[in-house]
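What follows is one structure encoded as structure tokens, with my remarks underneath.
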Amino acid sequence: MADIESSGPLDHSTADAVGKATEALEYVERARGHLYAFHQLIGRADFLFEECAVMLNEAGHRSHARSMWHNLVGRDVLEGRWTFQVVEGFDNGYYEAARAELHSLVDDLAGGRRHVHEEGMRQRRRAERTAFFDPDTS
């Protein structure tokens, strides 16, 4: 990535807008992580329900074992979908669209700098720090 000076100036409104999009994608990334956690947690629960059904059957509780097996083991979490399909649908749809939009903004408007808003904030905060500790430099 180019530094802020070598790519030319960027107006504050554009930097702020690109910063909002960057922040939004960070939330999408977090949501994606939660979706993967959901996928793993449901998968583990499914195996535990299967173990429970086997144990119930071995303990002579066949109707409960059949019910557990029929109603939960291997069940779709959404109509027609297991969790891996939910994750893949999200990745191939919303997630890829969000990433593509951000990359387009960053490339077209910010010279490839993803965190241009933060770059500006860093420069301002460093200038404020310098002025705070050495008032004669301002």
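Residue names in the structure tokens use chain letters A, B, ... in the order shown, residue numbers from 1 in each chain, and ligand numbers from 1 in the order shown.
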
* Tell me, as a count of residues only, which residues lie within 9 Å of Leu72 (chain A), counting only C-alpha atoms; anything in the same chain fewer than 3 positions away does not count. => 8

* Asked: Quick one: residues within 10 Å of Ala53 (chain A), only C-alpha atoms counted, chain neighbours fewer than 6 positions away excluded, as a PyMOL selection string?
  -> chain A and resi 47+59+61-70+72-73

* Mind giving me the straight-line distance from CA of Arg44 (chain A) to CA of Asn92 (chain A) in Å, one decimal? => 24.1 Å

* To do: Considering only C-alpha atoms, state which residue in the set A:His39, A:His103, A:Arg32, A:Arg113 is at the smallest distance from Val77 (chain A).
  =>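 Under the stated criterion, the closest residue is A:His39.
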
* Could you check which of A:Leu41, A:Ala17, A:Leu25, A:Leu78 is closest to Tyr94 (chain A), using only C-alpha atoms? =>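 With only C-alpha atoms as the atom set, the closest residue is A:Leu25.
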
DSSP on the backbone, then: every residue of region 32-109 of chain A marked helix (DSSP H, G or I), written as a PDB file with C-alpha atoms, in the first residue's frame.
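Final output, saved to result.pdb:
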```
ATOM      1  CA  ARG A  32     -18.922 -14.217   9.145  1.00  0.00           C
ATOM      2  CA  GLY A  33     -16.878 -15.488  12.085  1.00  0.00           C
ATOM      3  CA  HIS A  34     -20.052 -15.901  14.114  1.00  0.00           C
ATOM      4  CA  LEU A  35     -21.634 -17.747  11.209  1.00  0.00           C
ATOM      5  CA  TYR A  36     -18.701 -20.165  11.126  1.00  0.00           C
ATOM      6  CA  ALA A  37     -19.010 -20.594  14.900  1.00  0.00           C
ATOM      7  CA  PHE A  38     -22.722 -21.346  14.411  1.00  0.00           C
ATOM      8  CA  HIS A  39     -21.800 -23.937  11.771  1.00  0.00           C
ATOM      9  CA  GLN A  40     -19.332 -25.634  14.122  1.00  0.00           C
ATOM     10  CA  LEU A  41     -21.608 -25.492  17.169  1.00  0.00           C
ATOM     11  CA  ILE A  42     -24.598 -26.969  15.334  1.00  0.00           C
ATOM     12  CA  GLY A  43     -22.367 -29.665  13.854  1.00  0.00           C
ATOM     13  CA  ARG A  44     -21.151 -30.634  17.317  1.00  0.00           C
ATOM     14  CA  ALA A  45     -24.699 -30.591  18.682  1.00  0.00           C
ATOM     15  CA  ASP A  46     -25.800 -32.900  15.864  1.00  0.00           C
ATOM     16  CA  PHE A  47     -23.175 -35.482  16.812  1.00  0.00           C
ATOM     17  CA  LEU A  48     -24.168 -35.200  20.485  1.00  0.00           C
ATOM     18  CA  PHE A  49     -27.843 -35.748  19.602  1.00  0.00           C
ATOM     19  CA  GLU A  50     -26.777 -38.821  17.646  1.00  0.00           C
ATOM     20  CA  GLU A  51     -24.826 -40.142  20.651  1.00  0.00           C
ATOM     21  CA  CYS A  52     -27.853 -39.449  22.840  1.00  0.00           C
ATOM     22  CA  ALA A  53     -30.139 -41.397  20.479  1.00  0.00           C
ATOM     23  CA  VAL A  54     -27.770 -44.377  20.514  1.00  0.00           C
ATOM     24  CA  MET A  55     -27.562 -44.259  24.319  1.00  0.00           C
ATOM     25  CA  LEU A  56     -31.348 -44.024  24.670  1.00  0.00           C
ATOM     26  CA  ASN A  57     -31.756 -46.984  22.357  1.00  0.00           C
ATOM     27  CA  GLU A  58     -29.204 -49.028  24.310  1.00  0.00           C
ATOM     28  CA  ARG A  62     -36.494 -46.948  21.694  1.00  0.00           C
ATOM     29  CA  SER A  63     -39.341 -44.511  21.037  1.00  0.00           C
ATOM     30  CA  HIS A  64     -37.327 -41.600  22.438  1.00  0.00           C
ATOM     31  CA  ALA A  65     -34.260 -42.748  20.506  1.00  0.00           C
ATOM     32  CA  ARG A  66     -36.274 -42.967  17.257  1.00  0.00           C
ATOM     33  CA  SER A  67     -37.813 -39.549  17.917  1.00  0.00           C
ATOM     34  CA  MET A  68     -34.399 -37.982  18.603  1.00  0.00           C
ATOM     35  CA  TRP A  69     -32.944 -39.586  15.480  1.00  0.00           C
ATOM     36  CA  HIS A  70     -35.918 -38.682  13.298  1.00  0.00           C
ATOM     37  CA  ASN A  71     -36.385 -35.098  14.519  1.00  0.00           C
ATOM     38  CA  THR A  83     -25.108 -25.152   8.076  1.00  0.00           C
ATOM     39  CA  PHE A  84     -22.319 -25.581   5.518  1.00  0.00           C
ATOM     40  CA  GLN A  85     -24.786 -24.526   2.814  1.00  0.00           C
ATOM     41  CA  VAL A  86     -25.775 -21.452   4.830  1.00  0.00           C
ATOM     42  CA  VAL A  87     -22.087 -20.533   5.200  1.00  0.00           C
ATOM     43  CA  GLU A  88     -21.399 -21.120   1.505  1.00  0.00           C
ATOM     44  CA  GLY A  89     -24.457 -19.093   0.503  1.00  0.00           C
ATOM     45  CA  PHE A  90     -23.305 -16.204   2.673  1.00  0.00           C
ATOM     46  CA  ASP A  91     -19.714 -16.406   1.410  1.00  0.00           C
ATOM     47  CA  ASN A  92     -20.726 -16.595  -2.249  1.00  0.00           C
ATOM     48  CA  GLY A  93     -23.383 -13.902  -1.982  1.00  0.00           C
ATOM     49  CA  TYR A  94     -23.337 -11.094   0.555  1.00  0.00           C
ATOM     50  CA  TYR A  95     -19.744 -11.529   1.716  1.00  0.00           C
ATOM     51  CA  GLU A  96     -18.211 -11.510  -1.761  1.00  0.00           C
ATOM     52  CA  ALA A  97     -20.404  -8.557  -2.813  1.00  0.00           C
ATOM     53  CA  ALA A  98     -19.359  -6.548   0.267  1.00  0.00           C
ATOM     54  CA  ARG A  99     -15.674  -7.296  -0.313  1.00  0.00           C
ATOM     55  CA  ALA A 100     -15.933  -6.395  -4.005  1.00  0.00           C
ATOM     56  CA  GLU A 101     -17.628  -3.071  -3.238  1.00  0.00           C
ATOM     57  CA  LEU A 102     -15.012  -2.118  -0.669  1.00  0.00           C
ATOM     58  CA  HIS A 103     -12.155  -3.083  -2.970  1.00  0.00           C
ATOM     59  CA  SER A 104     -13.701  -0.986  -5.743  1.00  0.00           C
ATOM     60  CA  LEU A 105     -14.007   2.039  -3.440  1.00  0.00           C
ATOM     61  CA  VAL A 106     -10.510   1.630  -2.082  1.00  0.00           C
ATOM     62  CA  ASP A 107      -8.941   1.196  -5.511  1.00  0.00           C
ATOM     63  CA  ASP A 108     -10.939   3.920  -7.273  1.00  0.00           C
ATOM     64  CA  LEU A 109     -11.169   6.563  -4.560  1.00  0.00           C
TER      65      LEU A 109
END
```
